[in-house]
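Q: This structure is in structure tokens; I'll ask about it shortly.
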Amino acid sequence: MSGGIGSRFWPVSRTNMPKQFLDFFGSGRTLLQSTFDRFASFIDPENIIVVTNELYAKETLRQLPLLDEDNLLLEPVRRNTTPCIAYATYKIKQRCNDAAIFVTPSDHIILDEANFIATAQRALEFVHHNDYLVTLGILATRPEIGYGYIQWSDETIEGFHKVKVFTEKPSLEMAELFVNSGDFLWNSGMFVWNVHTIEHALNTYQPELAELLNPNEAPYSTPNERAFIEQVFPTCPSISIDYGVMEKAKNVLVLPSDFGWADLGTWGSVYEHAPKTSNEKNVTTRGNCFYHEAEGNIVTLTNEKKVAVLQGINDCIVADCGNVLLICKKDQENRIKSFTAEVELKFGKEYI
């Protein structure tokens, strides 16, 4: 899933070049490329499908030369994750009626890739023979309000735990209770199931969507597919897979996992995982920065030749990109979306 605009990373992530196409850590590979590489290490690239907005077709193919163009599914509008997953599911079913499917966003950090691959293969093997909707859960180590939470049960099936409840992005007070209880996992946003299980779930819990994208009537894998999607996709309900299916289904399991995961959804998550200066704990992801009496900052300068000097500034995000400079306290980054809306309203879309 690679169609988001990464608005929480504004101004570096823009509508015309969102975060999945960016290299945040100077590794030489973007988030999208790193995700593709990770899966291509154990899945044939011809079995990897990327779903993105039609605005990003050219950039996706440029960054992923091993991706077959037939495996690039284009959304004419954004409708959240359930329609995205449904579209890909029906395409996959045509090719392989008994496929096991791994669903992942394109913007995750995985530090222990060997452990991740072993976990993914274990989950794929399990769903190939079992009709469950599986999600990968990460032990909650801090009260993160930007993540969803899963309360797991002690009841297990082959090491996969039954799920008691999903909670999407709780308040700070609730998140603290979850972490202290030890009964909750972070919802990684990665899901594993077989074709028939997810198709049945879509028919049961999202019948309107299933009818709109019905694989028995839709002209998938024909010259008419694009026109069909252009006409039908905008009428699909906009709903996440968590709300649309996972919170409603009774056959949901979670696999507790530990492979150095992070959802790169906020500047704070970049700060947490990036290398820091030894004493002041500052992070410079791009460009050059000198720090004087400044601690706990994260600085990104998309102009590699630009130099920034920070003096007497602590715990801030400093992001300079094109026609926008953002300076914001790290603990206030949840306000970035409102800043973006304010700038767009006053100055126009060219700043967004």
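Convention: chains lettered A, B, ... in structure tokens order; per-chain residue numbering from 1; ligands numbered from 1 as shown.
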Excluding A:Cys236 and residues on its chain fewer than 4 positions from it, collect all residues at most 9 Å away from it, counting only C-alpha atoms, and give them as an NGL selection string.
A: :A and (79 or 83 or 208-209 or 212-213 or 232)
Q: Stretch 56-139 of chain A near stretch 192-207 of chain A within 6 Å: what's each residue's closest atom pair and its distance in Å to one decimal, counting only C-alpha atoms, ordered by chain then ascending residue number, as a Markdown table?
A:
```
| residue | atom | partner | partner_atom | distance |
| --- | --- | --- | --- | --- |
| A:Ala99 | CA | A:Val195 | CA | 5.7 |
| A:Ala100 | CA | A:Asn194 | CA | 4.2 |
| A:Ile101 | CA | A:Trp193 | CA | 5.4 |
| A:Phe102 | CA | A:Val192 | CA | 4.6 |
| A:Val127 | CA | A:Trp193 | CA | 5.3 |
| A:Asp131 | CA | A:Thr197 | CA | 5.5 |
| A:Leu133 | CA | A:Trp193 | CA | 5.3 |
| A:Val134 | CA | A:Val192 | CA | 5.0 |
```
Q: Each residue of stretch 261-288 of chain A with at least one atom at most 12 Å from stretch 9-19 of chain A should appear once, together with its nearest atom pair and the corresponding distance in Å (one decimal); atoms considered: only C-alpha atoms; ordering: chain, then increasing residue number; output as CSV.
A:
```
residue,atom,partner,partner_atom,distance
A:Leu264,CA,A:Lys19,CA,9.1
A:Gly265,CA,A:Phe9,CA,7.7
A:Thr266,CA,A:Phe9,CA,6.4
A:Trp267,CA,A:Phe9,CA,6.5
A:Gly268,CA,A:Phe9,CA,10.1
A:Ser269,CA,A:Phe9,CA,10.7
A:Val270,CA,A:Phe9,CA,10.0
A:Thr285,CA,A:Val12,CA,11.5
A:Arg286,CA,A:Val12,CA,10.9
```
Q: Which of stretch 120-216 of chain A end up as strand (DSSP E) when DSSP is run on this backbone - answer as an MDAnalysis selection string?
A: chainID A and resid 133:139 148:157 160:167 184:194
Q: Which residues are close to stretch 135-145 of chain A, i.e. within 6 Å by only C-alpha atoms, leaving aside same-chain residues fewer than 3 positions away? Reply as a PDB file with all heavy atoms, in the first residue's frame.
A:
```pdb
ATOM      1  N   LYS A 169      -5.818   4.400  17.950  1.00  0.00           N
ATOM      2  CA  LYS A 169      -5.246   5.674  18.372  1.00  0.00           C
ATOM      3  C   LYS A 169      -5.931   6.239  19.623  1.00  0.00           C
ATOM      4  O   LYS A 169      -6.710   7.179  19.551  1.00  0.00           O
ATOM      5  CB  LYS A 169      -5.317   6.674  17.214  1.00  0.00           C
ATOM      6  CG  LYS A 169      -4.467   6.232  16.030  1.00  0.00           C
ATOM      7  CD  LYS A 169      -4.536   7.208  14.873  1.00  0.00           C
ATOM      8  CE  LYS A 169      -3.671   6.701  13.720  1.00  0.00           C
ATOM      9  NZ  LYS A 169      -3.733   7.567  12.527  1.00  0.00           N
ATOM     10  N   PRO A 170      -5.648   5.669  20.776  1.00  0.00           N
ATOM     11  CA  PRO A 170      -6.295   6.096  22.016  1.00  0.00           C
ATOM     12  C   PRO A 170      -5.730   7.423  22.528  1.00  0.00           C
ATOM     13  O   PRO A 170      -4.740   7.947  22.018  1.00  0.00           O
ATOM     14  CB  PRO A 170      -5.946   4.962  22.981  1.00  0.00           C
ATOM     15  CG  PRO A 170      -4.608   4.493  22.502  1.00  0.00           C
ATOM     16  CD  PRO A 170      -4.665   4.601  20.998  1.00  0.00           C
ATOM     17  N   LEU A 172      -3.781   9.740  25.396  1.00  0.00           N
ATOM     18  CA  LEU A 172      -2.526   9.467  26.096  1.00  0.00           C
ATOM     19  C   LEU A 172      -2.783   8.700  27.385  1.00  0.00           C
ATOM     20  O   LEU A 172      -2.054   7.753  27.719  1.00  0.00           O
ATOM     21  CB  LEU A 172      -1.798  10.778  26.391  1.00  0.00           C
ATOM     22  CG  LEU A 172      -0.474  10.655  27.153  1.00  0.00           C
ATOM     23  CD1 LEU A 172       0.521   9.800  26.374  1.00  0.00           C
ATOM     24  CD2 LEU A 172       0.106  12.037  27.443  1.00  0.00           C
ATOM     25  N   ALA A 175      -3.559   5.149  26.503  1.00  0.00           N
ATOM     26  CA  ALA A 175      -2.355   4.477  26.015  1.00  0.00           C
ATOM     27  C   ALA A 175      -1.439   4.092  27.179  1.00  0.00           C
ATOM     28  O   ALA A 175      -0.822   3.017  27.181  1.00  0.00           O
ATOM     29  CB  ALA A 175      -1.622   5.372  25.029  1.00  0.00           C
ATOM     30  N   GLU A 176      -1.337   4.962  28.177  1.00  0.00           N
ATOM     31  CA  GLU A 176      -0.514   4.656  29.353  1.00  0.00           C
ATOM     32  C   GLU A 176      -1.063   3.446  30.096  1.00  0.00           C
ATOM     33  O   GLU A 176      -0.297   2.583  30.562  1.00  0.00           O
ATOM     34  CB  GLU A 176      -0.455   5.872  30.270  1.00  0.00           C
ATOM     35  CG  GLU A 176       0.392   7.015  29.702  1.00  0.00           C
ATOM     36  CD  GLU A 176       0.317   8.276  30.542  1.00  0.00           C
ATOM     37  OE1 GLU A 176      -0.614   8.376  31.379  1.00  0.00           O
ATOM     38  OE2 GLU A 176       1.186   9.154  30.368  1.00  0.00           O
ATOM     39  N   VAL A 179      -0.156   0.251  28.063  1.00  0.00           N
ATOM     40  CA  VAL A 179       1.251  -0.147  28.174  1.00  0.00           C
ATOM     41  C   VAL A 179       1.534  -0.737  29.550  1.00  0.00           C
ATOM     42  O   VAL A 179       2.226  -1.753  29.676  1.00  0.00           O
ATOM     43  CB  VAL A 179       2.166   1.055  27.892  1.00  0.00           C
ATOM     44  CG1 VAL A 179       3.621   0.696  28.165  1.00  0.00           C
ATOM     45  CG2 VAL A 179       2.007   1.530  26.450  1.00  0.00           C
ATOM     46  N   LEU A 185      -0.658  -4.969  22.406  1.00  0.00           N
ATOM     47  CA  LEU A 185       0.352  -4.893  21.364  1.00  0.00           C
ATOM     48  C   LEU A 185       0.025  -3.713  20.457  1.00  0.00           C
ATOM     49  O   LEU A 185      -1.139  -3.333  20.305  1.00  0.00           O
ATOM     50  CB  LEU A 185       0.361  -6.175  20.524  1.00  0.00           C
ATOM     51  CG  LEU A 185       0.586  -7.486  21.279  1.00  0.00           C
ATOM     52  CD1 LEU A 185       0.220  -8.667  20.392  1.00  0.00           C
ATOM     53  CD2 LEU A 185       2.041  -7.602  21.720  1.00  0.00           C
ATOM     54  N   TRP A 186       1.055  -3.145  19.847  1.00  0.00           N
ATOM     55  CA  TRP A 186       0.793  -2.172  18.801  1.00  0.00           C
ATOM     56  C   TRP A 186       0.301  -2.888  17.554  1.00  0.00           C
ATOM     57  O   TRP A 186       0.789  -3.961  17.198  1.00  0.00           O
ATOM     58  CB  TRP A 186       2.062  -1.408  18.453  1.00  0.00           C
ATOM     59  CG  TRP A 186       2.459  -0.369  19.446  1.00  0.00           C
ATOM     60  CD1 TRP A 186       1.630   0.397  20.218  1.00  0.00           C
ATOM     61  CD2 TRP A 186       3.796   0.031  19.777  1.00  0.00           C
ATOM     62  NE1 TRP A 186       2.369   1.249  21.007  1.00  0.00           N
ATOM     63  CE2 TRP A 186       3.691   1.053  20.754  1.00  0.00           C
ATOM     64  CE3 TRP A 186       5.060  -0.361  19.341  1.00  0.00           C
ATOM     65  CZ2 TRP A 186       4.814   1.672  21.299  1.00  0.00           C
ATOM     66  CZ3 TRP A 186       6.178   0.249  19.878  1.00  0.00           C
ATOM     67  CH2 TRP A 186       6.053   1.256  20.844  1.00  0.00           C
ATOM     68  N   ASN A 187      -0.663  -2.285  16.894  1.00  0.00           N
ATOM     69  CA  ASN A 187      -1.142  -2.807  15.617  1.00  0.00           C
ATOM     70  C   ASN A 187      -0.177  -2.332  14.530  1.00  0.00           C
ATOM     71  O   ASN A 187      -0.119  -1.150  14.218  1.00  0.00           O
ATOM     72  CB  ASN A 187      -2.552  -2.281  15.354  1.00  0.00           C
ATOM     73  CG  ASN A 187      -3.126  -2.813  14.052  1.00  0.00           C
ATOM     74  OD1 ASN A 187      -2.488  -3.568  13.333  1.00  0.00           O
ATOM     75  ND2 ASN A 187      -4.351  -2.400  13.747  1.00  0.00           N
ATOM     76  N   SER A 188       0.585  -3.242  13.958  1.00  0.00           N
ATOM     77  CA  SER A 188       1.619  -2.873  12.992  1.00  0.00           C
ATOM     78  C   SER A 188       1.049  -2.430  11.648  1.00  0.00           C
ATOM     79  O   SER A 188       1.761  -1.829  10.841  1.00  0.00           O
ATOM     80  CB  SER A 188       2.571  -4.058  12.775  1.00  0.00           C
ATOM     81  OG  SER A 188       1.921  -5.078  12.037  1.00  0.00           O
ATOM     82  N   MET A 190       0.196  -4.568   9.438  1.00  0.00           N
ATOM     83  CA  MET A 190       0.538  -5.654   8.507  1.00  0.00           C
ATOM     84  C   MET A 190      -0.408  -6.825   8.759  1.00  0.00           C
ATOM     85  O   MET A 190      -0.615  -7.231   9.909  1.00  0.00           O
ATOM     86  CB  MET A 190       1.994  -6.078   8.693  1.00  0.00           C
ATOM     87  CG  MET A 190       2.985  -5.013   8.242  1.00  0.00           C
ATOM     88  SD  MET A 190       4.717  -5.548   8.328  1.00  0.00           S
ATOM     89  CE  MET A 190       5.057  -5.243  10.068  1.00  0.00           C
ATOM     90  N   PHE A 191      -0.965  -7.350   7.674  1.00  0.00           N
ATOM     91  CA  PHE A 191      -1.998  -8.383   7.775  1.00  0.00           C
ATOM     92  C   PHE A 191      -1.654  -9.547   6.855  1.00  0.00           C
ATOM     93  O   PHE A 191      -1.058  -9.370   5.788  1.00  0.00           O
ATOM     94  CB  PHE A 191      -3.362  -7.808   7.385  1.00  0.00           C
ATOM     95  CG  PHE A 191      -3.723  -6.557   8.144  1.00  0.00           C
ATOM     96  CD1 PHE A 191      -3.557  -5.312   7.565  1.00  0.00           C
ATOM     97  CD2 PHE A 191      -4.199  -6.626   9.444  1.00  0.00           C
ATOM     98  CE1 PHE A 191      -3.875  -4.143   8.255  1.00  0.00           C
ATOM     99  CE2 PHE A 191      -4.516  -5.472  10.148  1.00  0.00           C
ATOM    100  CZ  PHE A 191      -4.353  -4.228   9.549  1.00  0.00           C
ATOM    101  N   VAL A 254      -3.624 -12.606  16.363  1.00  0.00           N
ATOM    102  CA  VAL A 254      -2.452 -11.735  16.334  1.00  0.00           C
ATOM    103  C   VAL A 254      -1.220 -12.571  16.645  1.00  0.00           C
ATOM    104  O   VAL A 254      -1.244 -13.443  17.513  1.00  0.00           O
ATOM    105  CB  VAL A 254      -2.592 -10.557  17.317  1.00  0.00           C
ATOM    106  CG1 VAL A 254      -2.717 -11.037  18.761  1.00  0.00           C
ATOM    107  CG2 VAL A 254      -1.421  -9.593  17.167  1.00  0.00           C
ATOM    108  N   LEU A 255      -0.158 -12.300  15.909  1.00  0.00           N
ATOM    109  CA  LEU A 255       1.117 -12.962  16.158  1.00  0.00           C
ATOM    110  C   LEU A 255       2.062 -11.951  16.794  1.00  0.00           C
ATOM    111  O   LEU A 255       2.520 -11.010  16.136  1.00  0.00           O
ATOM    112  CB  LEU A 255       1.720 -13.479  14.846  1.00  0.00           C
ATOM    113  CG  LEU A 255       3.079 -14.183  14.964  1.00  0.00           C
ATOM    114  CD1 LEU A 255       2.975 -15.409  15.876  1.00  0.00           C
ATOM    115  CD2 LEU A 255       3.598 -14.575  13.590  1.00  0.00           C
ATOM    116  N   PRO A 256       2.340 -12.089  18.106  1.00  0.00           N
ATOM    117  CA  PRO A 256       3.296 -11.164  18.750  1.00  0.00           C
ATOM    118  C   PRO A 256       4.656 -11.266  18.067  1.00  0.00           C
ATOM    119  O   PRO A 256       5.187 -12.365  17.882  1.00  0.00           O
ATOM    120  CB  PRO A 256       3.347 -11.674  20.194  1.00  0.00           C
ATOM    121  CG  PRO A 256       2.078 -12.450  20.382  1.00  0.00           C
ATOM    122  CD  PRO A 256       1.793 -13.073  19.051  1.00  0.00           C
ATOM    123  N   SER A 257       5.208 -10.130  17.705  1.00  0.00           N
ATOM    124  CA  SER A 257       6.416 -10.114  16.880  1.00  0.00           C
ATOM    125  C   SER A 257       7.433  -9.124  17.437  1.00  0.00           C
ATOM    126  O   SER A 257       7.079  -8.122  18.046  1.00  0.00           O
ATOM    127  CB  SER A 257       6.064  -9.735  15.436  1.00  0.00           C
ATOM    128  OG  SER A 257       5.030 -10.562  14.921  1.00  0.00           O
TER     129      SER A 257
END
```
Q: Can you tell me which residues surround A:Met1 at a distance of at most 7 Å, considering only C-alpha atoms, apart from same-chain residues fewer than 2 positions away, and format the answer as a tab-separated table (two decimals) with all heavy atoms, in the first residue's frame?
A:
```
chain	number	residue	atom	x	y	z
A	3	GLY	N	-0.11	4.63	-1.39
A	3	GLY	CA	-0.82	5.75	-1.98
A	3	GLY	C	-1.02	6.96	-1.09
A	3	GLY	O	-1.66	7.93	-1.50
A	50	VAL	N	1.86	-3.51	-6.02
A	50	VAL	CA	1.89	-2.20	-5.38
A	50	VAL	C	0.61	-1.47	-5.75
A	50	VAL	O	0.26	-1.36	-6.93
A	50	VAL	CB	3.11	-1.38	-5.82
A	50	VAL	CG1	3.05	0.02	-5.20
A	50	VAL	CG2	4.40	-2.08	-5.42
A	51	VAL	N	-0.10	-0.97	-4.73
A	51	VAL	CA	-1.30	-0.16	-4.96
A	51	VAL	C	-0.96	1.27	-4.57
A	51	VAL	O	-0.51	1.53	-3.45
A	51	VAL	CB	-2.50	-0.65	-4.13
A	51	VAL	CG1	-3.77	0.10	-4.54
A	51	VAL	CG2	-2.70	-2.15	-4.31
A	52	THR	N	-1.17	2.20	-5.50
A	52	THR	CA	-0.84	3.59	-5.22
A	52	THR	C	-1.82	4.49	-5.96
A	52	THR	O	-2.66	4.03	-6.74
A	52	THR	CB	0.61	3.91	-5.63
A	52	THR	OG1	0.96	5.21	-5.15
A	52	THR	CG2	0.79	3.88	-7.14
A	104	THR	N	1.07	-5.00	3.48
A	104	THR	CA	1.93	-4.11	4.27
A	104	THR	C	1.92	-2.69	3.70
A	104	THR	O	1.84	-2.51	2.49
A	104	THR	CB	3.39	-4.62	4.28
A	104	THR	OG1	4.18	-3.74	5.08
A	104	THR	CG2	3.97	-4.68	2.89
A	105	PRO	N	1.99	-1.70	4.56
A	105	PRO	CA	2.26	-0.34	4.09
A	105	PRO	C	3.70	-0.25	3.57
A	105	PRO	O	4.53	-1.13	3.84
A	105	PRO	CB	2.08	0.53	5.35
A	105	PRO	CG	1.29	-0.32	6.29
A	105	PRO	CD	1.71	-1.73	6.00
A	106	SER	N	3.99	0.83	2.86
A	106	SER	CA	5.30	0.97	2.22
A	106	SER	C	6.28	1.80	3.06
A	106	SER	O	7.38	2.08	2.60
A	106	SER	CB	5.13	1.64	0.86
A	106	SER	OG	4.53	2.92	1.01
```
Q: Have a look at A:Leu310, A:Lys91, A:Asn323, A:Asn97 and name the one nearest to A:Thr222; count only C-alpha atoms.
A: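 Under the stated criterion, the closest residue is A:Lys91.
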Q: Determine which residues of stretch 104-193 of chain A receive a DSSP assignment of alpha helix (DSSP H), computed from the backbone, and state them as a list in words.
A: Glu113, Ala114, Asn115, Phe116, Ile117, Ala118, Thr119, Ala120, Gln121, Arg122, Ala123, Leu124, Glu125, Phe126, Val127, His128, His129, Leu172, Glu173, Met174, Ala175, Glu176, Leu177, Phe178, Val179, Asn180 and Ser181 of chain A
Q: As an exercise, work out the distance from atom CA of A:Tyr149 to atom CA of A:His128 in Å and give it to one decimal place.
A: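 According to the coordinates, atom CA of A:Tyr149 and atom CA of A:His128 are separated by 25.7 Å.
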